[in-house]
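Enquirer: This is query_32.cif (mmCIF, C-alpha atoms).
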data_entry
loop_
_atom_site.label_atom_id
_atom_site.label_comp_id
_atom_site.auth_asym_id
_atom_site.auth_seq_id
_atom_site.Cartn_x
_atom_site.Cartn_y
_atom_site.Cartn_z
CA MET S 1 23.66 6.95 -10.07
CA ARG S 2 24.84 9.74 -7.78
CA GLN S 3 28.11 9.91 -5.85
CA THR S 4 28.65 12.62 -3.20
CA GLN S 5 31.69 13.85 -1.33
CA GLU S 6 30.38 12.34 1.91
CA GLY S 7 30.96 8.86 0.58
CA ILE S 8 27.26 8.44 -0.28
CA LEU S 9 26.25 6.58 -3.41
CA ILE S 10 22.63 6.45 -4.60
CA ARG S 11 21.60 4.03 -7.35
CA PHE S 12 18.88 1.59 -8.30
CA ALA S 13 19.26 -1.99 -7.16
CA THR S 14 20.28 -4.98 -9.23
CA MET S 15 19.59 -8.66 -8.58
CA GLN S 16 23.03 -8.91 -6.98
CA ASP S 17 21.89 -6.51 -4.26
CA THR S 18 18.90 -8.65 -3.24
CA PRO S 19 20.55 -10.46 -0.28
CA ALA S 20 21.60 -7.12 1.25
CA VAL S 21 18.16 -5.65 0.53
CA ILE S 22 16.47 -8.57 2.30
CA ARG S 23 18.76 -8.17 5.32
CA LEU S 24 17.87 -4.48 5.59
CA TRP S 25 14.17 -5.32 5.17
CA GLU S 26 14.35 -7.94 7.95
CA THR S 27 16.03 -5.42 10.24
CA CYS S 28 13.54 -2.60 9.61
CA PHE S 29 10.34 -4.64 9.13
CA PRO S 30 10.64 -7.71 11.38
CA GLY S 31 7.90 -10.17 12.18
CA ASP S 32 6.11 -11.14 8.97
CA ALA S 33 8.19 -13.80 7.26
CA VAL S 34 5.28 -15.11 5.16
CA PHE S 35 4.66 -11.75 3.48
CA GLN S 36 8.38 -11.03 3.14
CA ASN S 37 9.04 -14.35 1.40
CA TYR S 38 6.08 -13.83 -0.93
CA PHE S 39 7.02 -10.23 -1.69
CA PHE S 40 10.59 -11.00 -2.69
CA ALA S 41 9.55 -14.08 -4.66
CA HIS S 42 6.68 -12.50 -6.61
CA LEU S 43 6.48 -8.71 -6.33
CA TYR S 44 9.94 -7.27 -5.83
CA VAL S 45 11.48 -5.47 -8.83
CA PRO S 46 15.11 -4.47 -8.17
CA GLU S 47 15.01 -1.75 -10.84
CA TYR S 48 12.36 0.11 -8.81
CA ASN S 49 14.32 0.01 -5.54
CA LEU S 50 16.51 3.04 -4.92
CA LEU S 51 19.44 2.29 -2.61
CA LEU S 52 21.65 4.60 -0.57
CA PHE S 53 25.14 3.40 0.33
CA ARG S 54 27.64 5.09 2.62
CA HIS S 55 31.18 3.82 2.17
CA ASP S 56 29.81 0.73 0.39
CA VAL S 57 27.35 -0.12 3.20
CA LEU S 58 23.66 -0.27 2.34
CA CYS S 59 22.11 2.21 4.79
CA ALA S 60 18.69 3.11 3.37
CA MET S 61 16.30 2.30 0.54
CA ALA S 62 12.95 3.29 -0.94
CA GLN S 63 11.04 1.63 -3.74
CA MET S 64 9.69 3.92 -6.45
CA LEU S 65 6.69 2.00 -7.77
CA PRO S 66 4.99 3.51 -10.85
CA TYR S 67 1.24 4.13 -10.62
CA ARG S 68 -1.38 6.25 -12.33
CA MET S 69 -3.50 8.65 -10.29
CA GLN S 70 -6.97 9.63 -11.43
CA ASP S 71 -8.44 12.98 -10.38
CA GLY S 72 -11.69 13.72 -12.17
CA TRP S 73 -10.94 13.50 -15.88
CA LYS S 74 -7.20 13.92 -15.36
CA THR S 75 -4.82 10.94 -15.21
CA GLU S 76 -1.23 11.44 -14.07
CA THR S 77 1.77 9.17 -13.59
CA VAL S 78 3.02 9.18 -9.99
CA THR S 79 5.50 7.36 -7.78
CA TYR S 80 4.31 5.25 -4.86
CA ILE S 81 7.11 5.18 -2.27
CA TYR S 82 7.11 1.78 -0.60
CA GLY S 83 9.40 0.07 1.89
CA ALA S 84 11.26 3.28 2.75
CA CYS S 85 13.63 2.50 5.61
CA THR S 86 17.00 3.31 7.17
CA HIS S 87 19.15 0.86 9.11
CA PRO S 88 18.97 1.66 12.85
CA ASP S 89 22.75 2.25 12.97
CA TYR S 90 22.44 5.05 10.40
CA ARG S 91 19.30 6.87 11.52
CA ARG S 92 19.26 10.57 12.51
CA GLN S 93 21.92 11.28 9.90
CA HIS S 94 19.48 12.74 7.33
CA LEU S 95 20.05 9.83 4.96
CA MET S 96 16.33 9.34 4.27
CA ASP S 97 16.08 13.08 3.61
CA THR S 98 18.80 12.71 0.99
CA LEU S 99 17.19 9.64 -0.53
CA LEU S 100 13.70 11.16 -0.74
CA HIS S 101 14.97 14.34 -2.36
CA HIS S 102 16.73 12.15 -4.91
CA THR S 103 13.42 10.40 -5.70
CA PHE S 104 11.83 13.81 -6.26
CA MET S 105 14.55 14.69 -8.77
CA LEU S 106 14.06 11.37 -10.55
CA ASP S 107 10.29 11.90 -10.60
CA ARG S 108 10.73 15.16 -12.46
CA GLN S 109 13.17 13.58 -14.90
CA MET S 110 10.68 10.76 -15.60
CA GLY S 111 7.71 13.11 -15.94
CA ARG S 112 5.96 11.90 -12.80
CA THR S 113 3.79 14.57 -11.25
CA ALA S 114 3.58 13.47 -7.62
CA SER S 115 4.98 11.23 -4.90
CA VAL S 116 2.58 9.10 -2.82
CA LEU S 117 3.24 7.08 0.32
CA ILE S 118 1.55 5.47 3.33
CA PRO S 119 3.36 6.13 6.63
CA GLN S 120 4.00 2.94 8.58
CA GLU S 121 3.14 4.64 11.89
CA GLU S 122 1.01 7.67 12.78
CA TRP S 123 3.94 9.81 13.98
CA LEU S 124 5.51 9.54 10.53
CA PHE S 125 2.81 11.80 9.07
CA GLY S 126 4.71 14.65 10.77
CA PHE S 127 8.05 13.37 9.52
CA TYR S 128 6.92 13.33 5.90
CA ALA S 129 5.15 16.69 6.24
CA GLN S 130 8.56 18.39 6.44
CA PHE S 131 9.17 17.38 2.81
CA GLY S 132 5.85 18.83 1.68
CA TYR S 133 3.73 15.68 1.81
CA GLU S 134 0.10 16.31 2.77
CA ALA S 135 -2.18 13.70 4.38
CA VAL S 136 -5.05 13.78 1.90
CA LEU S 137 -5.74 10.12 1.04
CA SER S 138 -8.00 8.14 3.33
CA VAL S 139 -10.24 5.15 3.79
CA SER S 140 -13.53 5.06 5.65
CA ALA S 141 -13.94 2.70 8.58
CA ASP S 142 -16.51 1.20 10.95
CA GLU S 143 -16.92 -1.63 13.43
CA TYR S 144 -19.71 -4.21 13.38
CA HIS S 145 -20.89 -6.59 16.08
CA ALA S 146 -22.58 -9.94 15.62
CA ALA S 147 -26.35 -10.08 16.05
CA SER S 148 -28.05 -13.40 16.76
CA GLU S 149 -30.98 -12.80 14.42
CA ALA S 150 -29.04 -10.93 11.73
CA GLU S 151 -29.54 -11.78 8.08
CA CYS S 152 -26.45 -13.10 6.26
CA CYS S 153 -25.82 -13.15 2.55
CA PRO S 154 -24.14 -16.20 0.96
CA LEU S 155 -20.37 -15.92 0.65
CA ARG S 156 -17.94 -17.73 -1.62
CA ALA S 157 -14.26 -17.56 -2.42
CA MET S 158 -13.25 -14.86 -4.86
CA VAL S 159 -12.07 -16.17 -8.25
CA PRO S 160 -10.26 -14.38 -11.10
CA GLU S 161 -13.47 -14.28 -13.13
CA ASP S 162 -14.86 -11.88 -10.52
CA LEU S 163 -12.25 -9.18 -10.97
CA SER S 164 -13.94 -7.30 -13.80
CA GLY S 165 -17.22 -7.13 -11.87
CA MET S 166 -15.38 -6.09 -8.71
CA ASP S 167 -13.70 -3.28 -10.61
CA ALA S 168 -17.12 -2.03 -11.71
CA LEU S 169 -18.42 -2.13 -8.12
CA TYR S 170 -15.30 -0.32 -6.96
CA HIS S 171 -15.64 2.52 -9.44
CA ALA S 172 -19.35 2.89 -8.74
CA ALA S 173 -18.65 3.29 -5.01
CA LEU S 174 -15.59 5.57 -5.22
CA PRO S 175 -16.07 8.90 -3.47
CA GLU S 176 -15.22 12.09 -5.33
CA GLY S 177 -11.55 12.96 -5.41
CA ALA S 178 -8.26 11.40 -6.39
CA TYR S 179 -7.41 7.70 -6.32
CA LEU S 180 -4.68 5.38 -7.58
CA CYS S 181 -5.79 3.43 -10.63
CA ARG S 182 -5.98 -0.36 -10.64
CA ASP S 183 -5.62 -2.28 -13.85
CA GLU S 184 -6.34 -5.99 -14.22
CA ALA S 185 -2.79 -6.89 -13.18
CA GLU S 186 -3.16 -4.89 -9.96
CA TRP S 187 -6.41 -6.66 -9.04
CA LYS S 188 -4.82 -10.05 -9.76
CA LYS S 189 -1.81 -9.10 -7.65
CA GLN S 190 -4.04 -8.31 -4.66
CA LEU S 191 -6.01 -11.54 -5.00
CA ASP S 192 -2.89 -13.69 -5.29
CA MET S 193 -1.19 -11.93 -2.38
CA PHE S 194 -4.14 -12.43 -0.03
CA ILE S 195 -4.47 -16.10 -0.94
CA HIS S 196 -0.76 -16.80 -0.40
CA CYS S 197 -0.14 -14.63 2.67
CA GLY S 198 -2.80 -15.93 5.02
CA GLY S 199 -5.72 -13.73 4.02
CA ARG S 200 -8.94 -14.68 2.29
CA ALA S 201 -10.98 -12.97 -0.41
CA PHE S 202 -14.76 -13.29 -0.54
CA CYS S 203 -17.55 -12.39 -2.91
CA THR S 204 -21.31 -12.59 -2.81
CA GLY S 205 -23.32 -13.17 -5.97
CA ALA S 206 -22.77 -15.43 -8.93
CA LYS S 207 -19.27 -16.23 -10.15
CA GLY S 208 -18.27 -13.65 -12.70
CA ALA S 209 -21.05 -11.30 -11.57
CA PRO S 210 -20.25 -10.40 -7.95
CA GLU S 211 -22.61 -8.21 -5.96
CA GLY S 212 -20.02 -7.51 -3.27
CA TYR S 213 -16.47 -8.32 -2.27
CA ALA S 214 -13.96 -7.99 0.57
CA PHE S 215 -10.31 -8.84 1.25
CA VAL S 216 -10.18 -10.33 4.75
CA TRP S 217 -7.52 -10.82 7.41
CA HIS S 218 -8.13 -12.77 10.62
CA THR S 219 -5.46 -12.93 13.34
CA LYS S 220 -5.50 -13.44 17.09
CA GLN S 221 -3.87 -10.05 17.62
CA GLU S 222 -6.03 -7.97 15.29
CA GLY S 223 -9.22 -9.97 15.15
CA LEU S 224 -11.31 -9.92 11.97
CA TRP S 225 -10.63 -7.14 9.46
CA ALA S 226 -12.51 -6.81 6.17
CA GLN S 227 -10.35 -4.60 3.97
CA GLU S 228 -12.18 -2.70 1.23
CA LEU S 229 -15.53 -4.31 1.84
CA CYS S 230 -17.74 -3.16 -1.03
CA ALA S 231 -21.26 -4.61 -1.15
CA PRO S 232 -23.80 -1.95 -2.15
CA GLY S 233 -27.11 -2.54 -0.38
CA LYS S 234 -25.76 -5.67 1.36
CA THR S 235 -23.03 -4.35 3.64
CA THR S 236 -24.58 -5.48 6.93
CA GLN S 237 -25.52 -8.91 5.58
CA PHE S 238 -21.99 -9.34 4.18
CA VAL S 239 -20.31 -8.40 7.47
CA GLN S 240 -22.65 -10.62 9.49
CA ALA S 241 -21.85 -13.50 7.15
CA LEU S 242 -18.11 -12.91 7.65
CA MET S 243 -18.46 -12.97 11.44
CA ALA S 244 -20.48 -16.18 11.24
CA CYS S 245 -17.89 -17.72 8.90
CA PHE S 246 -15.00 -16.97 11.27
CA GLY S 247 -16.96 -17.53 14.48
CA VAL S 248 -16.27 -14.07 15.93
CA LYS S 249 -18.42 -11.35 17.48
CA LYS S 250 -16.70 -8.27 16.07
CA CYS S 251 -15.42 -7.16 12.68
CA ARG S 252 -13.46 -4.07 11.68
CA VAL S 253 -14.19 -2.84 8.18
CA THR S 254 -12.41 -0.32 5.98
CA GLY S 255 -13.46 0.75 2.55
CA LEU S 256 -15.17 3.32 0.42
CA SER S 257 -18.31 4.44 2.23
CA PHE S 258 -18.29 3.87 5.98
CA SER S 259 -19.03 6.37 8.73
CA GLN S 260 -15.54 7.20 10.04
CA LYS S 261 -12.72 8.74 8.02
CA GLN S 262 -9.22 7.35 8.56
CA LEU S 263 -6.26 9.19 7.04
CA LEU S 264 -3.93 6.72 5.42
CA GLY S 265 -1.83 8.21 2.63
CA CYS S 266 0.22 11.31 1.82
CA VAL S 267 0.80 13.08 -1.48
CA LEU S 268 3.49 15.55 -2.54
CA ARG S 269 2.84 17.28 -5.84
CA HIS S 270 5.95 18.40 -7.67
CA ASP S 271 4.21 21.44 -9.17
CA GLY S 272 3.68 22.91 -5.68
CA ALA S 273 -0.13 22.67 -5.85
CA ARG S 274 -2.15 21.28 -2.97
CA PRO S 275 -3.04 17.65 -3.73
CA THR S 276 -6.68 16.64 -3.99
CA ASP S 277 -8.33 14.71 -1.18
CA GLY S 278 -9.06 11.14 -2.18
CA TYR S 279 -9.07 7.40 -1.49
CA ILE S 280 -6.29 4.85 -1.07
CA ASN S 281 -6.35 1.18 -0.09
CA LEU S 282 -4.84 -2.23 -0.92
CA MET S 283 -1.35 -0.82 -1.47
CA LEU S 284 0.68 -3.62 0.18
CA ASN S 285 -0.07 -1.84 3.48
#
Transcribe the structure of this file into structure tokens.
Expert:
Amino acid sequence: MRQTQEGILIRFATMQDTPAVIRLWETCFPGDAVFQNYFFAHLYVPEYNLLLFRHDVLCAMAQMLPYRMQDGWKTETVTYIYGACTHPDYRRQHLMDTLLHHTFMLDRQMGRTASVLIPQEEWLFGFYAQFGYEAVLSVSADEYHAASEAECCPLRAMVPEDLSGMDALYHAALPEGAYLCRDEAEWKKQLDMFIHCGGRAFCTGAKGAPEGYAFVWHTKQEGLWAQELCAPGKTTQFVQALMACFGVKKCRVTGLSFSQKQLLGCVLRHDGARPTDGYINLMLN
């Protein structure tokens, strides 16, 4: 807990703060009630959410989620900053600056070596750069179009028994560089979230021995998006099968090994070193 002379108090949340936290979330991130309800029912941990009050009013917050980052043979504990926001009435008062610098201090106290985040909008890359964050984490992307004579591979719903095999496919396809580690709980979290928030998760291959996978969103506004499609040797057949399944002519794909690089995440190392380029995906983004 930190109290300043300007009437600012910074502390971690408790369960009693949750109604105020939800109100601030609704104000700053409107429009996705399904995900919001799921997040606060299943994923939200008050003790990870750092709050900034001014004169007893909740003005800003940022969640400090613990992750491990792998870079070659080195594994480090880092903070993933998620849901960072300031109430519109209190913006341009440097409150987020104050809050972020407080997270950096806490990182050092907890032995965390870096801070990681995904800017909500492209212009925010510049905002976070002023704190020392560097845009080094990316996904690769491409766009596919339906072909009438294209070969499709058989698809099925992803099941928990697939997660171990998916993890093996994932690690085999990872490009060189840094990435945030996923344990079994993280894979299960992604699967459950997609199923309950309107997405779908597909595999090809036998249950328990998948030969490819993808987490898929389909909306009228965005069309068909296969997030982290990983199907070595079967990418085109997998994407064609998805388009046939959803009855669409176009599919956007992001993942580990497509033709176009898309910057997605920023890293600030607390030792002052330049962070390693790497991969990030499936981070509640």
Enquirer: Quick one: which residues end up in the PyMOL selection byres ((chain S and resi 141) around 6) for this structure, as an mmCIF file with C-alpha atoms, in the frame of the given file?
Expert:
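Done, and the output landed in part.cif:
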data_model
loop_
_atom_site.group_PDB
_atom_site.id
_atom_site.type_symbol
_atom_site.label_atom_id
_atom_site.label_comp_id
_atom_site.auth_asym_id
_atom_site.auth_seq_id
_atom_site.Cartn_x
_atom_site.Cartn_y
_atom_site.Cartn_z
ATOM 1 C CA SER S 140 -13.530 5.060 5.650
ATOM 2 C CA ASP S 142 -16.510 1.200 10.950
ATOM 3 C CA VAL S 253 -14.190 -2.840 8.180
ATOM 4 C CA THR S 254 -12.410 -0.320 5.980
ATOM 5 C CA PHE S 258 -18.290 3.870 5.980
ATOM 6 C CA GLN S 260 -15.540 7.200 10.040
#
Enquirer: Determine, for each residue of region 146-263 of chain S having at least one atom at most 8 Å from an atom of region 29-38 of chain S, the closest pair of atoms and their separation in Å to one decimal, counting all atoms listed in the file; order by chain and ascending number, as CSV.
Expert:
residue,atom,partner,partner_atom,distance
S:Met193,CA,S:Tyr38,CA,7.7
S:His196,CA,S:Tyr38,CA,7.5
S:Cys197,CA,S:Phe35,CA,5.7
Enquirer: Carefully work through the PyMOL selection byres ((chain S and resi 176-185) around 7) for this structure and note down the residues it includes, as a list in words.
Expert: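 Listing what the PyMOL selection byres ((chain S and resi 176-185) around 7) selects in the shown file: Tyr67, Arg68, Met69, Gln70, Asp71, Gly72, Leu174, Pro175, Glu186, Trp187, Lys188, Lys189, Thr276, Asp277, Gly278, Tyr279 and Ile280 of chain S.
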Enquirer: How would you write as a list in words the residues that get within 7 Å of (-13.7, 1.3, 1.4) in the file's frame, counting all atoms listed in the file?
Expert: Val139, Ser140, Glu228, Leu229, Cys230, Thr254, Gly255, Leu256, Ser257 and Phe258 of chain S
Enquirer: Would you give me, as a tab-separated table, each residue of region 205-281 of chain S having an atom within 12 Å of an atom of region 118-131 of chain S, along with its shortest atom pair and that distance in Å to one decimal, using only C-alpha atoms and sorting by chain and residue number?
Expert:
residue	atom	partner	partner_atom	distance
S:Gln262	CA	S:Glu122	CA	11.1
S:Leu263	CA	S:Glu122	CA	9.4
S:Leu264	CA	S:Ile118	CA	6.0
S:Gly265	CA	S:Ile118	CA	4.4
S:Cys266	CA	S:Ile118	CA	6.2
S:Val267	CA	S:Ile118	CA	9.0
S:Leu268	CA	S:Phe131	CA	8.0
S:Arg269	CA	S:Phe131	CA	10.7
S:His270	CA	S:Phe131	CA	11.0
S:Gly272	CA	S:Phe131	CA	11.5
S:Tyr279	CA	S:Ile118	CA	11.8
S:Ile280	CA	S:Ile118	CA	9.0
S:Asn281	CA	S:Ile118	CA	9.6
Enquirer: Which residues are near region 41-54 of chain S? Cut-off 10 Å, only C-alpha atoms, ignore same chain within fewer than 5 positions. Put them as a PyMOL selection string.
Expert: chain S and resi 1-4+6-18+21+35-36+59-66+81-84+86+90+95-96+98-100+102-103+189+192-193
Enquirer: Excluding Gly208 (chain S) and its own-chain neighbours fewer than 3 positions away, which residues fall within 10 Å of it when counting all atoms listed in the file? Please give them as a CSV table (one decimal) with C-alpha atoms, in the frame of the given file.
Expert:
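Output saved as around-v1.csv:
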chain,number,residue,atom,x,y,z
S,158,MET,CA,-13.2,-14.9,-4.9
S,159,VAL,CA,-12.1,-16.2,-8.2
S,160,PRO,CA,-10.3,-14.4,-11.1
S,161,GLU,CA,-13.5,-14.3,-13.1
S,162,ASP,CA,-14.9,-11.9,-10.5
S,163,LEU,CA,-12.2,-9.2,-11.0
S,164,SER,CA,-13.9,-7.3,-13.8
S,165,GLY,CA,-17.2,-7.1,-11.9
S,166,MET,CA,-15.4,-6.1,-8.7
S,203,CYS,CA,-17.6,-12.4,-2.9
S,205,GLY,CA,-23.3,-13.2,-6.0
S,211,GLU,CA,-22.6,-8.2,-6.0
Enquirer: Measuring atom to atom with only C-alpha atoms, identify which of S:Ala241, S:Leu24, S:Val216, S:Leu284 is nearest to Cys85 (chain S).
Expert: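 Among the listed residues, the smallest separation from Cys85 (chain S) belongs to S:Leu24.
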Enquirer: Provide the CA of Phe202 (chain S) to CA of Lys220 (chain S) distance in Å, to one decimal place.
Expert: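 Interatomic distance here is 19.9 Å.
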Enquirer: For a test of reading the model, state the distance in Å between CA of Leu191 (chain S) and CA of Phe238 (chain S), rounded to one decimal.
Expert: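 Between CA of Leu191 (chain S) and CA of Phe238 (chain S) the gap works out to 18.6 Å.
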Enquirer: For the atom pair CA of Thr236 (chain S) and CA of Pro154 (chain S), what is the interatomic distance in Å to one decimal place?
Expert: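 Those two atoms sit 12.3 Å apart.
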Enquirer: When you count all atoms listed in the file, which of these residues is closest to Arg156 (chain S): S:Ala206, S:Ala114, S:Ile22, S:Ala172?
Expert: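 Of S:Ala206, S:Ala114, S:Ile22, S:Ala172, the one nearest Arg156 (chain S), counting all atoms listed in the file, is S:Ala206.
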Enquirer: Running the PyMOL selection byres ((chain S and resi 109-113) around 6) on this model by hand, what would come out? Give it as a list in words.
Expert: Thr77, Val78, Leu106, Asp107, Arg108, Ala114 and His270 of chain S
Enquirer: Return the single residue from S:Glu76, S:Asp56, S:Glu143, S:Glu151 that is closest to Ala244 (chain S), with distances computed using only C-alpha atoms.
Expert: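 Of all the options, S:Glu151 lies closest to Ala244 (chain S).
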